[in-house]
Every structure is written in structure tokens, then in C-alpha cells.
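These notes are about the structure you will find just below.
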Number of protein chains: 2
Amino acid sequence: MEVAVIGVGQTPFGTFPKRSLKSLFFEAFQEALKDVEKGLDPKEIEEAWIGTLSTGGGQLGNQAALLCESVGLAGISAHHVENACASGGFAFRNALLAIRSGKCRMAMAAGIEKMTDLPRERNRLWLGVSGDVEWERLAGTNFPGIYAMLARRHMYEHGTLKEWITAVAVKNHSNAVHNPKAQFRFTIDLERAMKAPILADPLTVFDACGITDGAAVAILCRADEARRYTEKPVLVLGSGAATDYLAIHDRKDLTGLLAARKAARQAYREAGIGPKEVQVAEVHDCFTIAEIMAYEDLGFCEDGQGGLLVRDGLTKLDGPIPVNPSGGLKAKGHPIGATGIGQICEIVHQLRGDVEEPIRQVKGARIGLTHNVGGSGGTAVVHIFRGPE
Amino acid sequence: MEVAVIGVGQTPFGTFPKRSLKSLFFEAFQEALKDVEKGLDPKEIEEAWIGTLSTGGGQLGNQAALLCESVGLAGISAHHVENACASGGFAFRNALLAIRSGKCRMAMAAGIEKMTDLPRERNRLWLGVSGDVEWERLAGTNFPGIYAMLARRHMYEHGTLKEWITAVAVKNHSNAVHNPKAQFRFTIDLERAMKAPILADPLTVFDACGITDGAAVAILCRADEARRYTEKPVLVLGSGAATDYLAIHDRKDLTGLLAARKAARQAYREAGIGPKEVQVAEVHDCFTIAEIMAYEDLGFCEDGQGGLLVRDGLTKLDGPIPVNPSGGLKAKGHPIGATGIGQICEIVHQLRGDVEEPIRQVKGARIGLTHNVGGSGGTAVVHIFRGPE
């Protein structure tokens with residue numbers, strides 16, 4: 001059973017300390033409904049999967065039911081899926097499989113996160129809550145520290161230069177300028193970014209994403225019914241997902257994420273395409289080095305060559321394989337659970353050719369990919385999409 | 001695609017403050033592997049769904065990856081599913097749909113909870129974390145309070161007597177005596193239970209389940225391949241799931257759970273059977289009144305007649321429709337995320353006719369049902385199973 005995305009919606013990503021979880025979700029949901037070209041009665045949505053990490057909003061359990069209720073969907077089956085920063089992507093995978101199984105015709109995959117009104121103690125924990133606890137967090141390291149080690153190793157093994165790594169941030173910020181929904185809509189200067197305060201050597205504050213609130217919604221249905229709702233359905237060609245050891249010392253290789261490699265392999269196999277056919281991608285650049293590893297994990301270049309892709313500008317908006325046209329986690333923002341669905345929103349618009357700001361539109365892209373990573377690579381999920389004819 | 005359960009495992013349910021999340025999970029997983037009659041190489045398991053509510057073990061995110069890693073399954077796709085007390089049942093539903101979709105041949109559905117080593121503040125929250133926050137919890141009520149209101153309403157509308165409600169606890173305790181894995185293996189006396197300290201009038205401490213640690217694992221595969229692994233596969237005939245308004249004041253009826261009714265209806269429809277064909281059931285008796293409502297929501301009797309079923313002993317082990325032969329949440333224990341899978345473990349053993357203690361075996365049962373509720377009915381999931389020929 002083929003499955004298509006018929007509508008997507010996303011709030012602006014940013015810091016909205018005064019807005020509630022429900023208000024953000026409502027906005028994204030309404031936008032997704034409106035995005036369904038020929039209209040959709042929300043009552044047709046039979047089942048929902050919602051990705052979120054925090055237990056924000058004062059609620060610890062049953063958030064999926066709460067959020068469905070808040071948009072008028074009380075009664076439908078709803079699941080809360082949590083796989084750290086990959087929660088949104090895994091929520092999408094479940095919705096996809098449910099439709100393929102024949103169990104439902106129309107499903108919602110969503111993601112949401114409120115990071116700005118959590119207790120301070122829990123917000124500190126964002127820095128490492130989804131990596132290994134016993135050997136990493138309790139020993140005092142956190143995600144900036146872990147990604148810094150991965151960056152160092154990449155530099156050591158492959159001769160990657162720090163300026164290539166940081167150039168990822170420069171590129172993504174310059175894309176975000178053209179994205180009205182991005183959190184950080186300003187360009188940054190490579191030299192200034194290189195000299196910014198160190199977060200965890202060699203990464204500076206400009207190498208890391210921020211603290212973000214946001215929500216995103218995608219509506220999926222059986223592909224054979226999609227044209228009832230839109231002339232521009234976006235087909236899901238492939239889905240891949242995998243896990244890895246949480247503690248990086250248990251991994252054989254520190255210059256890539258094995259979970260992402262496995263997920264990509266599965267997704268390509270299912271889609272029946274290879275990396276060369278991908279024309280636009282949204283990848284999980286929680287830190288700049290993560291985008292460089294993603295290039296390699298996704299097969300956009302040979303192992304160790306990720307730095308060269310950004311050095312040579314190949315992944316810029318006008319390059320042969322534009323990556324993170326939205327601005328990525330770095331500049332569009334990273335509201336944990338919403339990120340994976342936000343990526344799908346961007347790719348759907350790109351493949352339909354209806355990106356709001358034409359300058360950000362990748363011309364003629366038909367095949368797009370999303371790459372969503374949980375923690376420091378403990379989980380990863382990749383989806384491949386094909387735009388309408 | 002038909003799906004079968006080929007192995008189940010469960011730790012004892014109880015309070016194990018010194019045992020880790022990983023150690024409990026390992027035990028349940030090993031038992032499930034051993035339970036696969038003809039053996040199973042764990043490497044055949046392709047994907048996992050793990051239900052848990054708490055963020056126990058010091059980990060906030062990515063617990064599914066962590067737990068898979070801890071049993072030697074690092075690398076497989078794994079999802080953490082959270083729907084409050086129904087997390088286990090919803091994890092099972094996702095695994096089922098994934099196999100039906102053709103995406104994987106063999107999957108694990110698991111559930112786990114460590115309630116005894118959480119910070120005290122969070123443990124207090126157990127009492128209401130998965131119901132409504134704004135109108136219920138912040139106003140000072142909690143689950144005992146909510147279920148007490150439901151009980152009062154049932155007594156008022158249907159003339160249900162308090163002794164019938166509490167008789168559920170007496171029955172379930174007497175079943176648990178014969179379950180080596182139950183938390184509370186002692187009989188209780190109706191008169192004493194009626195006079196026990198009030199938790200929330202009319203419910204006493206004997207009307208409520210306790211605080212429990214535990215883990216449970218079920219292994220599912222395509223039914224057409226099940227006989228490679230066991231001569232006694234248990235078929236999944238139907239799955240139903242639904243949500244409802246979290247706050248009970250938003251519901252039209254307070255004498256049943258609409259989510260459970262919808263879930264049951266779906267499951268029966270898919271299974272092509274009716275309630276009369278169910279020969280053994282594990283239902284979600286977090287409070288005694290919940291079991292009485294479950295009888296009605298599942299169609300075991302007419303609306304309002306649930307109290308009579310227990311008054312007349314019809315749901316006892318030797319009655320026409322034995323309910324909670326394991327002891328139920330009340331006496332077997334209720335380790336939140338593990339509960340739904342624990343129910344499936346019990347039903348699988350019942351339908352295979354290999355319950356460890358023969359006195360607890362429901363003779364000749366071929367059709368079994370599990371009913372798992374999240375919060376005060378915000379979510380519910382029902383599964384129907386058929387035993388081997």
C-alpha cells in the first residue's frame with residue numbers, strides 16, 4: 001500500500017514562553033488542514049502519532065490524547081511516541097506503517113515541544129538526557145561535549161578543518177534568512193563564528209542549535225485516495241529506522257552515526273533509489289559536525305569527505321544537492337519532538353514547488369529526504385519522498 | 001497479514017527498589033526468548049516498541065534504544081511509546097501494525113516501569129499525571145478521587161452496591177494467590193476491605209492497585225511463519241484503540257469509559273466475534289470500579305449490570321467468563337508501562353493452556369481479550385486473541 005502526504009503545517013519555530021502546548025499544536029494542525037488543497041474534514045483522520053520528548057504543559061502522561069482533544073479529535077486512537085530528538089520522525093514512521101497495514105486510511109503524524117517553560121533543572125538536562133547516563137552524563141559530559149569529541153575525531157581521521165565544520169552554520173543561517181518560520185533569521189560571519197565563545201572545543205556557540213518551541217503536523221493517507229484531497233500528493237517512497245549504542249565509547253566508529261547509516265540504507269532500498277537521486281534534503285544538524293557526518297551517512301559523498309561538500313558549497317541552496325534549505329536545526333530551530341515533522345513539512349513544500357519564499361525553493365526537485373537523529377545517534381530515522389508529477 | 005504471538009515473558013511484579021530498569025528488562029526478555037518453543041535467535045527481531053511512562057533510570061529520552069541495547073539488540077529500530085497506563089497495550093498495537101504492513105517479519109512489544117526509585121515528587125504525581133491537569137489535578141483531585149466519582153455515579157445511576165465493587169478486589173486477590181508473579185499473593189476479606197481506611201470515598205485502600213516495578217515482553221511474527229518457532233502460536237484476531245476527553249466533566253457518561261467502548265467495538269469487528277465468544281479476559285482494574293465498568297464497556301453484560309456479574313461470581317476463575325485470572329492490576333500489580341504487555345502474557349498462557357499453576361488455568365479457553373486503559377480513560381486499547389488448535 002503506497003502512502004502519500006496530503007497536507008503539512010508548522011508553527012514558527014522560536015521561543016514562545018507565553019504560549020501553551022495546546023495553542024502551538026492548534027496552530028500547526030489548522031495550517032495542515034488548510035494545506036490540504038481540496039479540503040479535509042478532520043473527522044476523516046482516524047489515528048494519530050505525536051512525537052514529543054518533554055512532559056511539558058504540566059502533563060506527564062497521555063499527551064497524545066490531550067493534544068488530539070485540543071484540536072477536536074477526541075476519540076480517535078492516538079499514540080505518544082518518544083525517541084528523543086527523533087520523536088517526530090518515528091511518529092511519522094508509525095503513521096506510515098499503520099496506513100500500509102490497512103488499519104487506517106488517514107492518519108496524522110505530529111511533533112511538538114515546549115522548551116522554554118520547563119523547570120530550570122529539566123532544561124539543563126536537555127544537554128544530555130538522551131545520550132548515555134551511566135558513562136557519559138554522570139561523568140560530566142553532555143551533548144556539546146559528545147559532538148565535540150565526534151568533531152575532533154573527524155578532524156583527526158579525515159583532516160576536516162574547523163572552518164568547514166562551522167561553514168555549515170554559515171550556510172544554514174543564510175538559508176534561514178529566507179524562511180519566515182525560522183528561529184534565527186540572520187546571517188552569520190564565518191570569522192566571527194570561529195572566534196565565538198567555546199561551548200566544547202572545537203565547537204563554539206555558533207556550532208550548536210538553540211532552545212526552541214514549536215509544533216508541526218503532517219497528514220498522511222493511502223496514495224490511491226490522495227487525489228481526492230490534493231492534486232499534489234507527495235509519495236513516501238521509503239522509510240528506514242535503526243538504533244545504536246547510546247554511549248559513544250561502545251561504537252566502533254566515531255566519525256559517523258551507524259544508526260543513521262542503517263536507516264538510510266533501508267530507506268534507499270525500499271525507495272529503490274540511491275543517494276545520487278536525492279535532490280533536496282533536510283538533515284539533523286543539531287551541531288554543525290552532525291551535518292557533515294550526515295552527508296557521509298546518507299551517501300552524499302565518500303566517508304571522510306563531508307567537510308569538502310560544504311567547503312565547496314555543494315550543499316548550498318543553489319548547489320547540486322541543497323541540504324537544509326529551511327535553515328536546519330541550527331537556524332530554523334530545534335523544538336525536539338517537532339523537528340522531524342518540521343523537516344517533512346519543508347520537504348513536502350520543496351517537492352510541491354510551493355515554498356513560500358521563492359528564493360528558498362530548490363528548483364525542480366522531485367526526490368527529497370529527511371534525516372532525524374535521536375540523542376547522539378542512539379536512534380535515527382530516514383524518509384524518502386517523491387513530489388507530484 | 002495475520003500476526004501471531006510466539007513467545008512471552010514477564011518478571012514478577014512487585015517492589016524491587018534495588019533492581020535497575022535494565023535488569024528487569026533483561027529478565028523479561030530472556031523469559032520471552034525461552035518461551036519460544038522451538039527457539040529463536042534474537043537477531044531475527046527486527047523492530048521493537050516499548051511502553052513506559054516514567055523516565056526512570058535517570059534517562060529522559062531514547063529509552064527504547066537503551067533497553068534494546070541492554071539485551072543485545074543494539075541496532076534494530078526501536079520506538080518508545082507512551083500512553084500513560086495503556087503504554088504497553090499501545091506498544092503492542094504498533095508492533096502488530098508494523099508486521100501487518102509487511103515492514104517487518106518479527107517484532108518485540110514490551111513494557112516496563114520502575115516506580116519505586118523515582119524522586120518522591122514524581123511518585124506523588126502518579127496519582128494524577130495522566131488525567132486532566134487544568135481542571136482536575138490543579139483543583140486538587142487525583143485518580144483515586146476521579147474513580148471515586150465514577151463509582152459514586154455508578155452506584156447512583158445503577159444501584160450498584162459498594163460491596164459488589166469491593167468484591168472485585170476479593171476475587172482478584174484470590175486469583176493472585178495462585179500466581180507466582182503477582183505482587184499481592186494473599187486473600188482479603190470483604191468485610192475487612194469494606195472497613196479499610198478510605199482513600200477517596202467510597203473507595204478504600206483495598207479498592208486500589210499499588211506501586212509496582214516490573215517488565216514484560218511479547219514477541220510477534222507473521223502468522224504464516226509462526227509454526228517455525230512454535231506449535232502453539234496465539235493469533236491476534238483484532239485490535240482496537242481510542243481516546244476520550246481527559247477531564248471527566250467533558251464526558252457525557254460517567255458510568256463507563258467511552259474510549260474503551262470504542263476500542264472494544266473496533267476489536268470485535270476486526271476479530272469478527274462478539275463479547276459472548278470471549279472465554280477469558282484481562283481487564284484494567286486500576287480501581288475495583290474500573291473492572292465493573294470494563295464488564296459493561298466490553299459488552300460482557302448490559303450497561304449498569306456490571307456489579308451483578310461480580311455479585312453472582314460470574315467472573316471468578318470457575319465462572320462462565322473468568323476475568324483477571326492473573327490477579328489483575330489490583331493484586332498482580334500495576335507497573336504502568338508493563339501492565340498492558342503483562343495482560344497479554346497472561347492471556348497467551350491461558351490460551352495455550354500452559355499456565356504455570358493449574359488451578360489458575362481457565363479450562364479450554366480459546367478466545368481471550370485484553371483491555372488496557374490510560375489514565376482515567378483518556379486512552380484505551382483492546383486486543384483479542386485466539387489460541388492454537
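Naming works like this for the C-alpha cells: A, B, ... for the chains as they're shown, residue 1 at the start of each chain, ligands 1 onward in shown order.
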
From segment 5-146 of chain B, collect each residue whose DSSP state is strand (DSSP E or B) and return the set as a PyMOL selection string. chain B and resi 5-10+14+47-51+77-83+85+106-113

Would you kindly report the residues of chain B within 8 Å of chain A, using only C-alpha atoms, as a CSV table (one decimal) with all heavy atoms, in the first residue's frame?
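Result went into selection.csv, see below:
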chain,number,residue,atom,x,y,z
B,53,LEU,N,6.0,4.8,31.0
B,53,LEU,CA,5.5,6.2,31.3
B,53,LEU,C,6.6,7.0,32.0
B,53,LEU,O,7.0,8.1,31.6
B,53,LEU,CB,4.3,6.2,32.2
B,53,LEU,CG,3.9,7.5,32.8
B,53,LEU,CD1,3.5,8.5,31.7
B,53,LEU,CD2,2.6,7.3,33.7
B,58,GLY,N,17.0,7.4,35.3
B,58,GLY,CA,17.9,8.5,35.1
B,58,GLY,C,17.9,9.0,33.7
B,58,GLY,O,18.6,10.0,33.3
B,59,GLN,N,17.1,8.4,32.8
B,59,GLN,CA,17.2,8.6,31.4
B,59,GLN,C,15.9,9.4,31.1
B,59,GLN,O,14.8,8.9,31.4
B,59,GLN,CB,17.2,7.3,30.7
B,59,GLN,CG,17.4,7.3,29.2
B,59,GLN,CD,18.9,7.5,28.8
B,59,GLN,OE1,19.7,7.3,29.7
B,59,GLN,NE2,19.1,7.9,27.6
B,60,LEU,N,15.9,10.4,30.3
B,60,LEU,CA,14.7,11.1,30.0
B,60,LEU,C,14.3,10.7,28.6
B,60,LEU,O,13.1,10.5,28.3
B,60,LEU,CB,14.8,12.6,30.1
B,60,LEU,CG,13.5,13.4,29.7
B,60,LEU,CD1,12.4,13.0,30.7
B,60,LEU,CD2,13.7,14.9,29.8
B,61,GLY,N,15.2,10.5,27.7
B,61,GLY,CA,14.9,10.2,26.3
B,61,GLY,C,15.6,9.0,25.8
B,61,GLY,O,16.5,8.4,26.4
B,62,ASN,N,15.1,8.5,24.6
B,62,ASN,CA,15.8,7.4,24.0
B,62,ASN,C,15.8,6.1,24.8
B,62,ASN,O,16.7,5.2,24.6
B,62,ASN,CB,17.2,7.8,23.6
B,62,ASN,CG,17.4,8.1,22.1
B,62,ASN,OD1,16.5,7.8,21.3
B,62,ASN,ND2,18.5,8.6,21.8
B,63,GLN,N,14.8,5.9,25.7
B,63,GLN,CA,14.8,4.7,26.5
B,63,GLN,C,14.7,3.4,25.7
B,63,GLN,O,15.2,2.3,26.1
B,63,GLN,CB,13.7,4.7,27.5
B,63,GLN,CG,14.1,5.6,28.7
B,63,GLN,CD,13.2,5.4,29.8
B,63,GLN,OE1,13.2,4.3,30.5
B,63,GLN,NE2,12.4,6.3,30.1
B,64,ALA,N,14.0,3.5,24.5
B,64,ALA,CA,13.8,2.2,23.8
B,64,ALA,C,15.1,1.8,23.2
B,64,ALA,O,15.4,0.6,23.3
B,64,ALA,CB,12.8,2.5,22.6
B,65,ALA,N,15.9,2.7,22.8
B,65,ALA,CA,17.2,2.3,22.3
B,65,ALA,C,18.1,1.7,23.4
B,65,ALA,O,18.8,0.7,23.2
B,65,ALA,CB,17.9,3.5,21.6
B,66,LEU,N,18.0,2.4,24.5
B,66,LEU,CA,18.8,2.0,25.7
B,66,LEU,C,18.4,0.5,26.1
B,66,LEU,O,19.3,-0.3,26.4
B,66,LEU,CB,18.5,2.9,26.9
B,66,LEU,CG,19.3,2.6,28.2
B,66,LEU,CD1,20.7,3.2,28.1
B,66,LEU,CD2,18.6,3.3,29.4
B,69,GLU,N,19.5,-2.1,23.5
B,69,GLU,CA,21.0,-2.3,23.6
B,69,GLU,C,21.3,-3.2,24.8
B,69,GLU,O,22.1,-4.1,24.7
B,69,GLU,CB,21.6,-0.9,23.8
B,69,GLU,CG,23.1,-0.9,24.3
B,69,GLU,CD,23.6,0.4,24.7
B,69,GLU,OE1,23.1,1.5,24.2
B,69,GLU,OE2,24.4,0.5,25.6
B,74,ALA,N,21.1,-3.9,20.1
B,74,ALA,CA,21.5,-2.6,19.6
B,74,ALA,C,21.5,-2.6,18.1
B,74,ALA,O,21.9,-3.6,17.5
B,74,ALA,CB,22.9,-2.2,20.1
B,75,GLY,N,21.0,-1.6,17.5
B,75,GLY,CA,20.9,-1.5,16.0
B,75,GLY,C,19.5,-1.6,15.4
B,75,GLY,O,19.2,-1.0,14.4
B,76,ILE,N,18.7,-2.4,16.1
B,76,ILE,CA,17.3,-2.6,15.5
B,76,ILE,C,16.5,-1.3,15.7
B,76,ILE,O,16.8,-0.5,16.6
B,76,ILE,CB,16.5,-3.7,16.1
B,76,ILE,CG1,16.1,-3.5,17.5
B,76,ILE,CG2,17.3,-5.0,15.9
B,76,ILE,CD1,15.1,-4.5,18.0
B,77,SER,N,15.5,-1.1,14.9
B,77,SER,CA,14.7,0.1,15.0
B,77,SER,C,13.9,-0.1,16.3
B,77,SER,O,13.3,-1.2,16.6
B,77,SER,CB,13.7,0.2,13.8
B,77,SER,OG,12.8,1.2,14.1
B,78,ALA,N,13.8,0.9,17.1
B,78,ALA,CA,13.1,0.8,18.4
B,78,ALA,C,12.3,2.1,18.7
B,78,ALA,O,12.8,3.2,18.4
B,78,ALA,CB,14.0,0.5,19.6
B,79,HIS,N,11.1,2.0,19.2
B,79,HIS,CA,10.3,3.1,19.5
B,79,HIS,C,9.8,3.1,20.9
B,79,HIS,O,9.4,2.0,21.4
B,79,HIS,CB,9.0,3.1,18.7
B,79,HIS,CG,9.1,2.9,17.2
B,79,HIS,ND1,8.7,3.8,16.3
B,79,HIS,CD2,9.6,1.8,16.5
B,79,HIS,CE1,9.0,3.3,15.1
B,79,HIS,NE2,9.5,2.1,15.2
B,80,HIS,N,9.9,4.2,21.6
B,80,HIS,CA,9.3,4.3,22.9
B,80,HIS,C,7.9,4.9,22.7
B,80,HIS,O,7.7,5.9,22.2
B,80,HIS,CB,10.2,5.2,23.8
B,80,HIS,CG,9.5,5.7,25.1
B,80,HIS,ND1,9.9,6.8,25.8
B,80,HIS,CD2,8.5,5.2,25.7
B,80,HIS,CE1,9.2,6.9,26.8
B,80,HIS,NE2,8.3,6.0,26.8
B,81,VAL,N,6.9,4.1,23.2
B,81,VAL,CA,5.5,4.5,23.1
B,81,VAL,C,5.0,4.9,24.5
B,81,VAL,O,5.3,4.1,25.5
B,81,VAL,CB,4.7,3.4,22.6
B,81,VAL,CG1,3.2,3.8,22.5
B,81,VAL,CG2,5.1,3.0,21.2
B,82,GLU,N,4.3,6.0,24.7
B,82,GLU,CA,3.8,6.4,26.0
B,82,GLU,C,2.4,6.8,25.9
B,82,GLU,O,2.1,7.8,25.2
B,82,GLU,CB,4.7,7.5,26.6
B,82,GLU,CG,4.2,7.9,28.0
B,82,GLU,CD,3.1,8.9,27.9
B,82,GLU,OE1,3.2,10.0,27.3
B,82,GLU,OE2,2.0,8.6,28.6
B,83,ASN,N,1.5,6.0,26.4
B,83,ASN,CA,0.1,6.4,26.5
B,83,ASN,C,-0.3,6.1,28.0
B,83,ASN,O,-1.3,5.4,28.2
B,83,ASN,CB,-0.8,5.7,25.5
B,83,ASN,CG,-0.9,6.4,24.2
B,83,ASN,OD1,-0.2,7.4,24.0
B,83,ASN,ND2,-1.8,6.0,23.4
B,84,ALA,N,0.4,6.7,28.9
B,84,ALA,CA,0.1,6.5,30.3
B,84,ALA,C,0.0,5.0,30.7
B,84,ALA,O,0.8,4.3,30.2
B,84,ALA,CB,-1.2,7.3,30.7
B,90,PHE,N,-0.6,-0.1,23.8
B,90,PHE,CA,-0.4,0.7,22.5
B,90,PHE,C,1.0,0.3,21.9
B,90,PHE,O,1.1,0.3,20.6
B,90,PHE,CB,-0.4,2.2,22.8
B,90,PHE,CG,-1.9,2.7,22.8
B,90,PHE,CD1,-2.6,2.8,23.9
B,90,PHE,CD2,-2.4,3.1,21.6
B,90,PHE,CE1,-3.9,3.3,23.9
B,90,PHE,CE2,-3.7,3.6,21.5
B,90,PHE,CZ,-4.5,3.7,22.7
B,94,ASN,N,1.3,-1.1,17.9
B,94,ASN,CA,2.2,-0.6,16.9
B,94,ASN,C,3.0,-1.8,16.3
B,94,ASN,O,3.3,-1.8,15.1
B,94,ASN,CB,3.2,0.4,17.5
B,94,ASN,CG,2.5,1.8,17.5
B,94,ASN,OD1,2.2,2.4,16.5
B,94,ASN,ND2,2.4,2.4,18.7
B,97,LEU,N,0.7,-3.6,13.9
B,97,LEU,CA,0.5,-2.9,12.6
B,97,LEU,C,1.8,-3.0,11.7
B,97,LEU,O,1.7,-3.1,10.5
B,97,LEU,CB,0.1,-1.5,12.8
B,97,LEU,CG,-1.2,-1.3,13.6
B,97,LEU,CD1,-1.7,0.2,13.6
B,97,LEU,CD2,-2.3,-2.2,13.1
B,98,ALA,N,2.9,-2.9,12.4
B,98,ALA,CA,4.2,-2.9,11.6
B,98,ALA,C,4.3,-4.3,10.9
B,98,ALA,O,4.7,-4.3,9.7
B,98,ALA,CB,5.4,-2.7,12.5
B,99,ILE,N,4.0,-5.4,11.5
B,99,ILE,CA,4.1,-6.7,10.9
B,99,ILE,C,3.0,-6.8,9.8
B,99,ILE,O,3.2,-7.2,8.7
B,99,ILE,CB,4.0,-7.8,11.9
B,99,ILE,CG1,5.1,-7.8,12.9
B,99,ILE,CG2,4.0,-9.2,11.2
B,99,ILE,CD1,5.1,-8.8,14.0
B,100,ARG,N,1.8,-6.3,10.1
B,100,ARG,CA,0.7,-6.4,9.1
B,100,ARG,C,1.1,-5.6,7.9
B,100,ARG,O,0.7,-5.9,6.8
B,100,ARG,CB,-0.6,-5.8,9.7
B,100,ARG,CG,-1.3,-6.7,10.6
B,100,ARG,CD,-2.7,-6.1,10.9
B,100,ARG,NE,-3.4,-6.8,11.9
B,100,ARG,CZ,-4.5,-6.4,12.5
B,100,ARG,NH1,-4.9,-5.2,12.1
B,100,ARG,NH2,-5.1,-7.1,13.4
B,101,SER,N,1.9,-4.5,8.1
B,101,SER,CA,2.2,-3.6,6.9
B,101,SER,C,3.3,-4.3,6.0
B,101,SER,O,3.5,-3.8,4.9
B,101,SER,CB,2.8,-2.3,7.5
B,101,SER,OG,4.2,-2.5,7.9
B,102,GLY,N,3.9,-5.4,6.5
B,102,GLY,CA,4.9,-6.0,5.7
B,102,GLY,C,6.3,-5.5,6.0
B,102,GLY,O,7.3,-5.9,5.4
B,103,LYS,N,6.3,-4.4,6.8
B,103,LYS,CA,7.6,-3.8,7.0
B,103,LYS,C,8.6,-4.7,7.8
B,103,LYS,O,9.8,-4.6,7.6
B,103,LYS,CB,7.4,-2.5,7.8
B,103,LYS,CG,8.7,-1.6,8.0
B,103,LYS,CD,9.1,-1.0,6.7
B,103,LYS,CE,10.3,-0.1,6.9
B,103,LYS,NZ,10.9,0.4,5.7
B,129,VAL,N,-1.1,12.1,37.1
B,129,VAL,CA,-0.3,12.7,36.0
B,129,VAL,C,-0.9,12.4,34.6
B,129,VAL,O,-0.5,13.1,33.6
B,129,VAL,CB,1.1,12.1,35.9
B,129,VAL,CG1,2.0,12.7,36.9
B,129,VAL,CG2,1.1,10.6,35.9
B,130,SER,N,-1.8,11.5,34.5
B,130,SER,CA,-2.2,11.2,33.1
B,130,SER,C,-3.7,11.5,32.9
B,130,SER,O,-4.3,11.0,31.9
B,130,SER,CB,-1.9,9.7,32.8
B,130,SER,OG,-0.6,9.5,33.1
B,131,GLY,N,-4.3,12.2,33.8
B,131,GLY,CA,-5.6,12.7,33.7
B,131,GLY,C,-5.5,14.1,33.2
B,131,GLY,O,-4.5,14.6,32.7
B,132,ASP,N,-6.6,14.9,33.4
B,132,ASP,CA,-6.6,16.3,33.1
B,132,ASP,C,-5.8,17.1,34.1
B,132,ASP,O,-5.9,16.8,35.3
B,132,ASP,CB,-8.0,16.8,33.0
B,132,ASP,CG,-8.1,18.2,32.7
B,132,ASP,OD1,-7.8,18.6,31.6
B,132,ASP,OD2,-8.4,19.0,33.6
B,133,VAL,N,-5.1,18.0,33.7
B,133,VAL,CA,-4.3,18.9,34.6
B,133,VAL,C,-5.0,20.1,35.0
B,133,VAL,O,-5.2,20.4,36.2
B,133,VAL,CB,-3.0,19.3,34.0
B,133,VAL,CG1,-2.2,20.2,34.9
B,133,VAL,CG2,-2.1,18.0,33.7
B,241,ALA,N,-8.4,0.7,19.3
B,241,ALA,CA,-7.8,1.7,20.2
B,241,ALA,C,-8.6,3.0,20.0
B,241,ALA,O,-9.1,3.3,18.9
B,241,ALA,CB,-6.4,1.9,19.8
B,242,ALA,N,-8.7,3.8,21.1
B,242,ALA,CA,-9.4,5.1,21.0
B,242,ALA,C,-8.9,6.0,22.1
B,242,ALA,O,-8.2,5.6,23.1
B,242,ALA,CB,-10.9,4.9,21.1
B,243,THR,N,-9.4,7.3,22.1
B,243,THR,CA,-9.1,8.2,23.1
B,243,THR,C,-10.4,8.8,23.6
B,243,THR,O,-11.5,8.6,23.0
B,243,THR,CB,-8.2,9.4,22.7
B,243,THR,OG1,-8.8,10.0,21.5
B,243,THR,CG2,-6.8,8.9,22.2
B,244,ASP,N,-10.3,9.7,24.6
B,244,ASP,CA,-11.5,10.4,25.1
B,244,ASP,C,-11.0,11.7,25.7
B,244,ASP,O,-9.8,11.9,25.9
B,244,ASP,CB,-12.3,9.5,26.1
B,244,ASP,CG,-13.7,10.1,26.4
B,244,ASP,OD1,-14.1,11.1,25.8
B,244,ASP,OD2,-14.4,9.4,27.2
B,245,TYR,N,-11.9,12.6,26.0
B,245,TYR,CA,-11.6,13.8,26.8
B,245,TYR,C,-10.9,13.3,28.1
B,245,TYR,O,-11.4,12.4,28.7
B,245,TYR,CB,-12.8,14.6,27.1
B,245,TYR,CG,-13.5,15.1,25.9
B,245,TYR,CD1,-14.7,14.5,25.4
B,245,TYR,CD2,-13.0,16.2,25.2
B,245,TYR,CE1,-15.3,15.0,24.2
B,245,TYR,CE2,-13.6,16.7,24.1
B,245,TYR,CZ,-14.7,16.1,23.6
B,245,TYR,OH,-15.3,16.6,22.5
B,246,LEU,N,-9.8,14.0,28.4
B,246,LEU,CA,-9.1,13.7,29.7
B,246,LEU,C,-10.0,14.0,30.9
B,246,LEU,O,-10.0,13.2,31.8
B,246,LEU,CB,-7.7,14.3,29.7
B,246,LEU,CG,-6.6,13.4,29.1
B,246,LEU,CD1,-6.8,13.3,27.6
B,246,LEU,CD2,-5.2,13.9,29.5
B,259,ALA,N,-13.7,5.6,25.6
B,259,ALA,CA,-12.6,5.1,24.8
B,259,ALA,C,-12.5,3.6,24.8
B,259,ALA,O,-12.2,3.0,23.7
B,259,ALA,CB,-11.3,5.7,25.4
B,374,GLY,N,-5.5,4.0,29.7
B,374,GLY,CA,-4.6,5.0,30.1
B,374,GLY,C,-5.3,6.1,30.9
B,374,GLY,O,-6.3,6.7,30.5
B,375,GLY,N,-4.7,6.4,32.1
B,375,GLY,CA,-5.3,7.5,32.9
B,375,GLY,C,-6.6,7.1,33.4
B,375,GLY,O,-6.9,6.0,33.8
B,378,GLY,N,-8.6,8.4,29.3
B,378,GLY,CA,-8.1,9.2,28.2
B,378,GLY,C,-7.7,8.4,26.9
B,378,GLY,O,-7.8,8.8,25.8
B,379,THR,N,-7.2,7.2,27.2
B,379,THR,CA,-6.8,6.3,26.1
B,379,THR,C,-7.2,4.9,26.5
B,379,THR,O,-7.3,4.6,27.7
B,379,THR,CB,-5.3,6.3,25.9
B,379,THR,OG1,-4.6,6.2,27.1
B,379,THR,CG2,-4.8,7.5,25.1

Out of A:Lys232, A:His284, A:Lys22, A:Arg360, which residue has the shortest atom-to-atom distance to Glu389 of chain A when counting only C-alpha atoms? A:Lys232

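Non-sequential neighbours of segment 2-19 of chain A (distance at most 6 Å, separation of 5 or more positions within a chain, only C-alpha atoms) are Ala28, Glu31, Ala32, Asp35, Val36, Thr116, Asp117, Lys181, Ala182, Gln183, Thr212, Asp213, Gly214, Ala215, Ala216, Val217, Ala218, Ile219, Leu220, Cys221, Arg222, Ala223, Pro233, Val234, Leu235, Val236, Gly333 and Cys345 of chain A.
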